Amino acid sequence: MLKSDSLIPDEQKHNFAWTLLCISLLLIIGSIIYSNTLHSPFVFDDDVFILNDKNIRMTELTVESLADAAFKGRPRHRLLPNISFAVNYYLGQYQEFGYHILNIIIHLLTGVLLFLFIKATLKTETWRTGKPDYPLIVPFFAAMIWLVHPVNTQAVTYICQRMTSLVAMFYILSILFYVYGRIYLRSGLSLGLNPGLRANPHHYTKAFLLFSGCFLSGVCAVASKENAGVLPLFIILYEWFFFQDLKPVRTNKKLFLIICGLILFGIITILYLGENPVDRILRSYSYRDFTLPQRVLTEFRVVIYYISLFLFSFPKRMNLEHDYPLSLSLMDQGTTILSLVAITTLICFAICFAKKNRLMAFCTIWFFGNLLIESSVIGIEIIFEHRTYLPFMMVSLLFTLIISRHIKARWMGIGILCATTAIFAMWTFQRNVTWQNGIIFFTDCVIKSPNKFRPHNNLGVALYDANQFQSAIDHYKKALQVDPGSRYAEDTIFNIGSAELKSNNVQKAIPYFFRVLQLDPNHDQALNNLGNAFIHLKQYNKAIHYFSKVLEIDNQHVEAHTNIGVALTHLNRIDEAIDHYKTALELYPFHAETHNNLGVLLIHKNRLTQARHHFNKALQLNPDYMSAKNNLEKLMMIKKNKRGTSNAQHRMVN
């Protein structure tokens with residue numbers, strides 16, 4: 001039972017200036033340590049969820065475009081991240097700067113919300129116990145240590161993991177609204193608060209608005225990522241810990257609320273897993289190289305590893321692609337059984353000592369509970385650091401509480417917290433340096449996981465993007481050597497062919513594309529690059545054959561429309577080429593070379609005004625595009641002399 005006569009935070013009794021200073025420091029320091037990430041490249045799954053997802057290429061800010069991004073973007077069930085990527089694209093296409101700015105803003109806002117949530121929780125605990133207030137440095141350092149923690153770089157600097165930071169922001173906002181709403185219900189009888197307090201109708205109105213905010217934020221969390229599914233359970237848990245004093249549930253009203261929360265959790269589970277969750281979970285292992293029992297056993301060790309990362313997260317331990325050995329039995333790997341015992345002990349401690357150590361118990365349960373979805377039975381990757389983003393929030397509070405309670409000399413405790421913040425901030429800044437360059441980043445992955453397929457393949461992609469084609473081929477082949485049966489082998493074979501094609505080794509490239517088509521006859525990129533290869537060999541009809549196959553599979557394939565335009569031009573089929581160039585620009589109006597090529601053909605058709613428009617557009621997109629400059633100058637001469645045509649060279653899109 002709450003012991004205070006007043007639960008409403010009275011801003012006149014609190015030093016608003018100190019709170020504002022804490023928030024300002026969080027924003028300033030957080031901005032500084034991520035300031036070196038603004039031009040870090042797209043990496044790894046950024047290709048799948050951003051660069052290659054045509055559904056987020058929003059050129060007009062309309063409800064229809066936003067709906068397409070939300071419901072057709074990848075992955076389909078993460079609506080809000082997909083919308084945010086579409087907005088980024090609308091504002092700056094594929095300029096990394098805008099994507100990173102939004103990621104950092106989300107992270108900073110989440111840090112501020114965490115500070116406010118911990119501050120409110122500590123105040124609620126003070127009212128419950130009647131003990132003196134916790135000093136403001138406790139919520140400040142808890143939020144600051146989390147904000148600057150190096151392990152969070154994977155959720156902030158890795159662009160597509162905005163999904164992780166976005167769900168955490170709405171998750172903590174939802175619980176914060178709930179806490180404030182419960183505080184404003186201090187004068188009501190409906191949820192078991194002190195019946196001696198006089199009712200205030202305005203507080204009911206505020207509580208209703210806050211609970212509405214809780215619900216809407218929860219919906220946004222679920223629309224961001226599936227691990228928000230445990231949110232209803234944690235709201236119930238928070239209510240039981242801090243407002244019901246861990247008392248047994250005896251009233252029908254309380255039982256009803258718990259049942260509602262569980263039903264909501266069940267609905268979320270069904271929406272994500274489908275009507276048959278067991279079947280969906282089992283099917284998630286169909287393309288994995290581990291089984292369900294192996295994953296569950298391995299996750300015991302992974303969770304302990306996550307705990308170690310909280311304290312020892314220097315850059316040498318950070319890795320996007322951990323090569324984590326599987327546990328085949330409880331006795332395997334030596335530490336599997338020990339990890340299970342350690343986790344069980346920590347959970348039992350939290351349950352048994354919850355009455356005496358309310359905050360520490362809640363922090364412990366928060367950590368394990370928020371890892372439940374991603375570190376249990378669902379057949380996703382074994383380990384990723386970004387999965388600790390939400391669970392580590394309360395671990396930061398737990399760490400801060402231990403220091404503040406057990407270091408008697410206050411100056412020493414503050415010194416330890418300041419030193420921890422400084423060390424974590426330094427490690428974060430250093431880790432972010434690695435993210436600044438794709439070659440450096442994936443070289444780091446290869447050094448740390450040399451016997452894993454994907455680091456070599458991804459380093460090959462980074463080298464390919466840097467026009468280091470032979471080095472890229474070497475790493476692609478190394479990836480196939482490490483794991484020739486990988487489910488990614490098809491893409492790597494395609495990558496080798498693409499690198500050979502870029503190196504003008506056309507005859508070497510073609511067999512690789514045919515190998516890909518043997519594995520997947522509808523591999524549109526392999527078909528597209530076969531067409532490119534035959535353009536190199538001046539076999540234009542063959543090229544058109546393969547580009548046409550691509551368009552049968554996907555009639556909105558921009559590169560195929562552009563490339564078939566090149567082939568048709570060489571066959572002097574100008575009208576058809578113009579139609580394909582126009583279609584390509586309707587789908588993607590930001591390609592300078594397509595504008596230039598279309599301009600050349602329009603000169604052939606004596607449509608000089610339209611040609612000038614496309615040359616100008618090409619130069620607007622790429623001011624240093626010499627071919628477009630030369631063609632524009634020739635066009636001016638044509639207009640002046642009323643004769644001649646441009647001999648601009650067509651360039652193929654690969």
# chains A, B, ... in the order shown; residues from 1 in each chain; ligands from 1
call {"tool": "residues_around", "arguments": {"residues": "segment 400-414 of chain A", "least_positions_apart": "4", "cutoff": "12 Å", "atoms": "only C-alpha atoms", "output": "list in words"}}
result
Ile118, Leu122, Tyr134, Pro135, Leu136, Ile137, Val138, Pro139, Phe140, Phe141, Ala142, Ala143, Met144, Ile145, Trp146, Asn357, Arg358, Leu359, Met360, Ala361, Cys363, Met393, Met394, Val395, Ser396, Cys418, Ala419, Thr420 and Thr421 of chain A
call {"tool": "write_last_selection", "arguments": {"atoms": "N, CA and C atoms", "output": "mmCIF file, in the first residue's frame"}}
result
data_model
loop_
_atom_site.group_PDB
_atom_site.id
_atom_site.type_symbol
_atom_site.label_atom_id
_atom_site.label_comp_id
_atom_site.auth_asym_id
_atom_site.auth_seq_id
_atom_site.Cartn_x
_atom_site.Cartn_y
_atom_site.Cartn_z
ATOM 1 N N ILE A 118 12.899 5.823 -14.991
ATOM 2 C CA ILE A 118 13.609 5.421 -13.772
ATOM 3 C C ILE A 118 13.355 6.422 -12.659
ATOM 4 N N LEU A 122 11.688 5.346 -9.155
ATOM 5 C CA LEU A 122 12.349 5.585 -7.865
ATOM 6 C C LEU A 122 11.470 6.435 -6.954
ATOM 7 N N TYR A 134 15.538 9.015 -3.565
ATOM 8 C CA TYR A 134 16.803 8.682 -4.214
ATOM 9 C C TYR A 134 17.384 9.953 -4.819
ATOM 10 N N PRO A 135 18.691 10.141 -4.732
ATOM 11 C CA PRO A 135 19.286 11.336 -5.365
ATOM 12 C C PRO A 135 19.120 11.274 -6.877
ATOM 13 N N LEU A 136 19.058 12.433 -7.510
ATOM 14 C CA LEU A 136 18.826 12.506 -8.955
ATOM 15 C C LEU A 136 19.945 11.844 -9.751
ATOM 16 N N ILE A 137 21.119 11.696 -9.128
ATOM 17 C CA ILE A 137 22.233 11.096 -9.861
ATOM 18 C C ILE A 137 21.960 9.627 -10.186
ATOM 19 N N VAL A 138 21.068 8.969 -9.437
ATOM 20 C CA VAL A 138 20.796 7.553 -9.715
ATOM 21 C C VAL A 138 20.093 7.381 -11.065
ATOM 22 N N PRO A 139 18.943 8.022 -11.301
ATOM 23 C CA PRO A 139 18.346 7.882 -12.641
ATOM 24 C C PRO A 139 19.215 8.481 -13.736
ATOM 25 N N PHE A 140 19.961 9.544 -13.396
ATOM 26 C CA PHE A 140 20.816 10.172 -14.411
ATOM 27 C C PHE A 140 21.902 9.218 -14.881
ATOM 28 N N PHE A 141 22.644 8.636 -13.941
ATOM 29 C CA PHE A 141 23.736 7.742 -14.336
ATOM 30 C C PHE A 141 23.210 6.430 -14.915
ATOM 31 N N ALA A 142 22.069 5.962 -14.433
ATOM 32 C CA ALA A 142 21.491 4.745 -15.006
ATOM 33 C C ALA A 142 21.169 4.962 -16.486
ATOM 34 N N ALA A 143 20.547 6.101 -16.783
ATOM 35 C CA ALA A 143 20.212 6.405 -18.183
ATOM 36 C C ALA A 143 21.465 6.716 -18.992
ATOM 37 N N MET A 144 22.417 7.432 -18.395
ATOM 38 C CA MET A 144 23.624 7.814 -19.124
ATOM 39 C C MET A 144 24.470 6.596 -19.467
ATOM 40 N N ILE A 145 24.651 5.695 -18.502
ATOM 41 C CA ILE A 145 25.453 4.498 -18.766
ATOM 42 C C ILE A 145 24.827 3.673 -19.881
ATOM 43 N N TRP A 146 23.499 3.563 -19.867
ATOM 44 C CA TRP A 146 22.834 2.848 -20.960
ATOM 45 C C TRP A 146 23.008 3.583 -22.279
ATOM 46 N N ASN A 357 14.366 -6.582 -1.864
ATOM 47 C CA ASN A 357 15.135 -5.871 -2.895
ATOM 48 C C ASN A 357 14.261 -5.689 -4.134
ATOM 49 N N ARG A 358 13.206 -4.889 -3.958
ATOM 50 C CA ARG A 358 12.184 -4.723 -4.986
ATOM 51 C C ARG A 358 12.779 -4.276 -6.327
ATOM 52 N N LEU A 359 13.570 -3.233 -6.290
ATOM 53 C CA LEU A 359 14.113 -2.675 -7.522
ATOM 54 C C LEU A 359 15.073 -3.641 -8.204
ATOM 55 N N MET A 360 15.957 -4.245 -7.406
ATOM 56 C CA MET A 360 16.934 -5.163 -7.990
ATOM 57 C C MET A 360 16.248 -6.388 -8.584
ATOM 58 N N ALA A 361 15.218 -6.868 -7.917
ATOM 59 C CA ALA A 361 14.478 -8.017 -8.442
ATOM 60 C C ALA A 361 13.795 -7.665 -9.762
ATOM 61 N N CYS A 363 14.655 -5.343 -11.896
ATOM 62 C CA CYS A 363 15.685 -5.167 -12.926
ATOM 63 C C CYS A 363 16.140 -6.517 -13.476
ATOM 64 N N MET A 393 18.458 -1.848 -20.334
ATOM 65 C CA MET A 393 17.970 -0.611 -19.711
ATOM 66 C C MET A 393 17.952 -0.728 -18.191
ATOM 67 N N MET A 394 17.346 -1.794 -17.687
ATOM 68 C CA MET A 394 17.249 -1.954 -16.240
ATOM 69 C C MET A 394 18.522 -2.536 -15.629
ATOM 70 N N VAL A 395 19.359 -3.178 -16.457
ATOM 71 C CA VAL A 395 20.665 -3.614 -15.958
ATOM 72 C C VAL A 395 21.506 -2.388 -15.601
ATOM 73 N N SER A 396 21.362 -1.313 -16.379
ATOM 74 C CA SER A 396 22.063 -0.064 -16.053
ATOM 75 C C SER A 396 21.596 0.481 -14.709
ATOM 76 N N CYS A 418 31.133 8.000 -12.926
ATOM 77 C CA CYS A 418 31.696 8.895 -13.954
ATOM 78 C C CYS A 418 32.745 8.165 -14.788
ATOM 79 N N ALA A 419 33.591 7.376 -14.113
ATOM 80 C CA ALA A 419 34.631 6.635 -14.828
ATOM 81 C C ALA A 419 34.006 5.605 -15.766
ATOM 82 N N THR A 420 32.961 4.924 -15.280
ATOM 83 C CA THR A 420 32.271 3.939 -16.118
ATOM 84 C C THR A 420 31.672 4.604 -17.349
ATOM 85 N N THR A 421 31.036 5.748 -17.138
ATOM 86 C CA THR A 421 30.447 6.491 -18.256
ATOM 87 C C THR A 421 31.513 6.891 -19.262
#
call {"tool": "residues_around", "arguments": {"residues": "Glu490 of chain A", "least_positions_apart": "6", "cutoff": "10 Å", "atoms": "only C-alpha atoms", "output": "compact mmCIF listing (two decimals) with N, CA and C atoms, in the first residue's frame"}}
result
# COMPACT_ATOMS: atom_id res chain seq x y z
N LEU A 480 32.84 -19.61 -49.86
CA LEU A 480 32.37 -20.90 -50.36
C LEU A 480 33.25 -22.04 -49.88
N PRO A 484 30.61 -24.55 -48.20
CA PRO A 484 30.07 -24.68 -49.57
C PRO A 484 28.58 -24.96 -49.61
N TYR A 512 29.12 -18.45 -64.06
CA TYR A 512 28.63 -18.26 -62.69
C TYR A 512 27.14 -17.90 -62.69
N PHE A 513 26.73 -17.08 -63.66
CA PHE A 513 25.31 -16.71 -63.72
C PHE A 513 24.45 -17.92 -64.10
N ARG A 515 25.20 -20.99 -63.31
CA ARG A 515 25.16 -21.81 -62.09
C ARG A 515 24.06 -21.32 -61.15
N VAL A 516 23.93 -20.01 -61.04
CA VAL A 516 22.88 -19.45 -60.19
C VAL A 516 21.51 -19.83 -60.73
N LEU A 517 21.34 -19.75 -62.04
CA LEU A 517 20.04 -20.06 -62.64
C LEU A 517 19.69 -21.54 -62.53
N GLN A 518 20.70 -22.39 -62.41
CA GLN A 518 20.42 -23.80 -62.15
C GLN A 518 19.81 -23.99 -60.76
N LEU A 519 20.25 -23.14 -59.81
CA LEU A 519 19.72 -23.20 -58.45
C LEU A 519 18.38 -22.48 -58.34
N ASP A 520 18.24 -21.38 -59.09
CA ASP A 520 17.02 -20.58 -59.05
C ASP A 520 16.76 -19.99 -60.44
N HIS A 523 16.02 -16.15 -60.77
CA HIS A 523 16.93 -15.20 -60.12
C HIS A 523 17.07 -13.98 -61.03
call {"tool": "select_by_dssp", "arguments": {"residues": "segment 69-215 of chain A", "states": "helix (DSSP H, G or I)", "output": "PyMOL selection string"}}
result
chain A and resi 69-72+79-92+96-129+137-147+150-156+159-184+201-215
call {"tool": "closest_residue", "arguments": {"among": "A:Thr298, A:Gln468, A:Ser329, A:Asn152", "to": "Phe392 of chain A", "atoms": "only C-alpha atoms"}}
result
A:Asn152
call {"tool": "atom_distance", "arguments": {"atom1": "atom CA of Asp53 of chain A", "atom2": "atom CA of Ala69 of chain A"}}
result
9.2 Å
call {"tool": "atom_distance", "arguments": {"atom1": "atom CA of Thr124 of chain A", "atom2": "atom CA of Pro248 of chain A"}}
result
19.8 Å
call {"tool": "closest_residue", "arguments": {"among": "A:Cys22, A:Ala86, A:Val446, A:Leu527", "to": "His322 of chain A", "atoms": "only C-alpha atoms"}}
result
A:Val446
call {"tool": "atom_distance", "arguments": {"atom1": "atom CA of Val482 of chain A", "atom2": "atom CA of Cys445 of chain A"}}
result
14.6 Å
call {"tool": "residues_around", "arguments": {"residues": "Val558 of chain A", "least_positions_apart": "5", "cutoff": "12 Å", "atoms": "only C-alpha atoms", "output": "list in words"}}
result
Asn52, Lys54, Asp524, Gln525, Asn528, Phe547, Val550, Leu551, Asn563, Ile564, Gly565, His580, Tyr581, Lys582, Thr583, Ala584, Leu585, Glu586, Leu587, Tyr588, Pro589, Phe590, His591, Thr594, Val653 and Asn654 of chain A
call {"tool": "write_last_selection", "arguments": {"atoms": "C-alpha atoms", "output": "short mmCIF file (atom, residue, chain, number, x, y, z; two decimals), in the first residue's frame"}}
result
data_model
loop_
_atom_site.label_atom_id
_atom_site.label_comp_id
_atom_site.auth_asym_id
_atom_site.auth_seq_id
_atom_site.Cartn_x
_atom_site.Cartn_y
_atom_site.Cartn_z
CA ASN A 52 16.79 -3.35 -52.39
CA LYS A 54 11.46 -0.87 -53.80
CA ASP A 524 16.24 -11.79 -61.66
CA GLN A 525 19.68 -10.31 -60.99
CA ASN A 528 19.87 -9.18 -65.71
CA PHE A 547 16.20 -8.69 -69.90
CA VAL A 550 13.58 -10.32 -65.89
CA LEU A 551 10.60 -8.14 -66.79
CA ASN A 563 19.51 -2.08 -69.83
CA ILE A 564 17.01 -3.29 -72.40
CA GLY A 565 16.88 0.33 -73.54
CA HIS A 580 11.80 1.51 -71.55
CA TYR A 581 13.90 4.49 -70.43
CA LYS A 582 10.73 6.39 -69.57
CA THR A 583 9.41 3.44 -67.58
CA ALA A 584 12.71 3.19 -65.71
CA LEU A 585 12.53 6.89 -64.80
CA GLU A 586 8.94 6.60 -63.67
CA LEU A 587 10.03 3.86 -61.28
CA TYR A 588 13.26 5.54 -60.21
CA PRO A 589 13.66 9.17 -61.36
CA PHE A 590 17.08 9.69 -59.74
CA HIS A 591 19.40 7.89 -62.16
CA THR A 594 19.18 7.00 -67.73
CA VAL A 653 23.77 0.00 -65.89
CA ASN A 654 25.17 -2.93 -63.95
#
call {"tool": "residues_around", "arguments": {"residues": "Leu282 of chain A", "least_positions_apart": "5", "cutoff": "10 Å", "atoms": "only C-alpha atoms", "output": "list in words"}}
result
Pro277, Thr291, Leu292, Val377, Ile378 and Gly379 of chain A
call {"tool": "residues_around", "arguments": {"residues": "Leu320 of chain A", "least_positions_apart": "4", "cutoff": "10 Å", "atoms": "only C-alpha atoms", "output": "number ranges by chain"}}
result
A: 44, 154, 158, 383-386, 441-442, 444-445, 448-449, 455
call {"tool": "write_last_selection", "arguments": {"atoms": "N, CA and C atoms", "output": "compact mmCIF listing (two decimals), in the first residue's frame"}}
result
# COMPACT_ATOMS: atom_id res chain seq x y z
N PHE A 44 25.32 -5.05 -44.55
CA PHE A 44 24.64 -6.29 -44.21
C PHE A 44 23.15 -6.23 -44.61
N GLN A 154 25.26 -1.36 -32.20
CA GLN A 154 24.65 -2.20 -33.23
C GLN A 154 23.19 -1.86 -33.46
N TYR A 158 24.03 0.72 -36.96
CA TYR A 158 23.56 -0.23 -37.97
C TYR A 158 22.16 0.22 -38.38
N ILE A 383 22.92 -15.30 -32.09
CA ILE A 383 23.39 -14.19 -31.25
C ILE A 383 23.52 -12.91 -32.07
N PHE A 384 23.01 -11.83 -31.52
CA PHE A 384 23.22 -10.48 -32.05
C PHE A 384 23.25 -9.52 -30.87
N GLU A 385 24.19 -8.61 -30.88
CA GLU A 385 24.36 -7.69 -29.75
C GLU A 385 23.18 -6.74 -29.59
N HIS A 386 22.52 -6.40 -30.70
CA HIS A 386 21.43 -5.43 -30.59
C HIS A 386 20.25 -5.96 -29.77
N PHE A 441 35.06 -2.43 -41.53
CA PHE A 441 34.09 -3.08 -40.65
C PHE A 441 34.07 -4.59 -40.89
N PHE A 442 33.99 -5.01 -42.15
CA PHE A 442 33.89 -6.44 -42.40
C PHE A 442 35.24 -7.14 -42.31
N ASP A 444 37.15 -6.42 -39.86
CA ASP A 444 37.06 -6.67 -38.42
C ASP A 444 36.26 -7.94 -38.15
N CYS A 445 35.17 -8.13 -38.87
CA CYS A 445 34.35 -9.34 -38.71
C CYS A 445 35.12 -10.59 -39.12
N LYS A 448 37.68 -11.57 -36.50
CA LYS A 448 37.08 -12.13 -35.29
C LYS A 448 36.33 -13.44 -35.56
N SER A 449 35.86 -13.63 -36.79
CA SER A 449 35.13 -14.86 -37.14
C SER A 449 35.63 -15.40 -38.48
N PRO A 455 30.95 -13.29 -42.95
CA PRO A 455 31.95 -12.21 -42.91
C PRO A 455 32.78 -12.11 -44.19
call {"tool": "residues_around", "arguments": {"residues": "segment 63-68 of chain A", "least_positions_apart": "6", "cutoff": "9 Å", "atoms": "only C-alpha atoms", "output": "JSON, numbers by chain"}}
result
{"A": [55, 56, 57, 79, 82, 83, 86, 87]}
call {"tool": "write_last_selection", "arguments": {"atoms": "N, CA and C atoms", "output": "JSON list (two decimals), in the first residue's frame"}}
result
[["chain", "number", "residue", "atom", "x", "y", "z"],
["A", 55, "ASN", "N", 9.65, -0.95, -52.17],
["A", 55, "ASN", "CA", 8.43, -0.45, -51.53],
["A", 55, "ASN", "C", 8.68, 0.76, -50.64],
["A", 56, "ILE", "N", 9.93, 0.99, -50.23],
["A", 56, "ILE", "CA", 10.19, 2.17, -49.41],
["A", 56, "ILE", "C", 10.71, 3.35, -50.25],
["A", 57, "ARG", "N", 10.76, 3.17, -51.56],
["A", 57, "ARG", "CA", 11.23, 4.26, -52.43],
["A", 57, "ARG", "C", 10.07, 5.23, -52.70],
["A", 79, "LEU", "N", 5.79, -2.20, -39.30],
["A", 79, "LEU", "CA", 5.20, -1.12, -40.10],
["A", 79, "LEU", "C", 5.91, 0.21, -39.90],
["A", 82, "ASN", "N", 9.42, 0.58, -41.43],
["A", 82, "ASN", "CA", 9.31, 0.68, -42.89],
["A", 82, "ASN", "C", 8.87, 2.08, -43.32],
["A", 83, "ILE", "N", 7.92, 2.66, -42.60],
["A", 83, "ILE", "CA", 7.48, 4.03, -42.91],
["A", 83, "ILE", "C", 8.64, 5.01, -42.72],
["A", 86, "ALA", "N", 10.96, 4.89, -45.56],
["A", 86, "ALA", "CA", 10.36, 5.54, -46.73],
["A", 86, "ALA", "C", 10.47, 7.06, -46.63],
["A", 87, "VAL", "N", 10.27, 7.59, -45.44],
["A", 87, "VAL", "CA", 10.40, 9.04, -45.24],
["A", 87, "VAL", "C", 11.85, 9.48, -45.46]]
call {"tool": "closest_residue", "arguments": {"among": "A:Ile373, A:Ile183, A:Ile553, A:Ile106", "to": "Glu125 of chain A", "atoms": "only C-alpha atoms"}}
result
A:Ile183
call {"tool": "closest_residue", "arguments": {"among": "A:Leu297, A:Ala466, A:Lys206, A:Tyr94", "to": "Gln333 of chain A", "atoms": "only C-alpha atoms"}}
result
A:Leu297
call {"tool": "closest_residue", "arguments": {"among": "A:Val148, A:Ala567, A:Leu635, A:Ala223", "to": "Ala70 of chain A", "atoms": "only C-alpha atoms"}}
result
A:Ala223
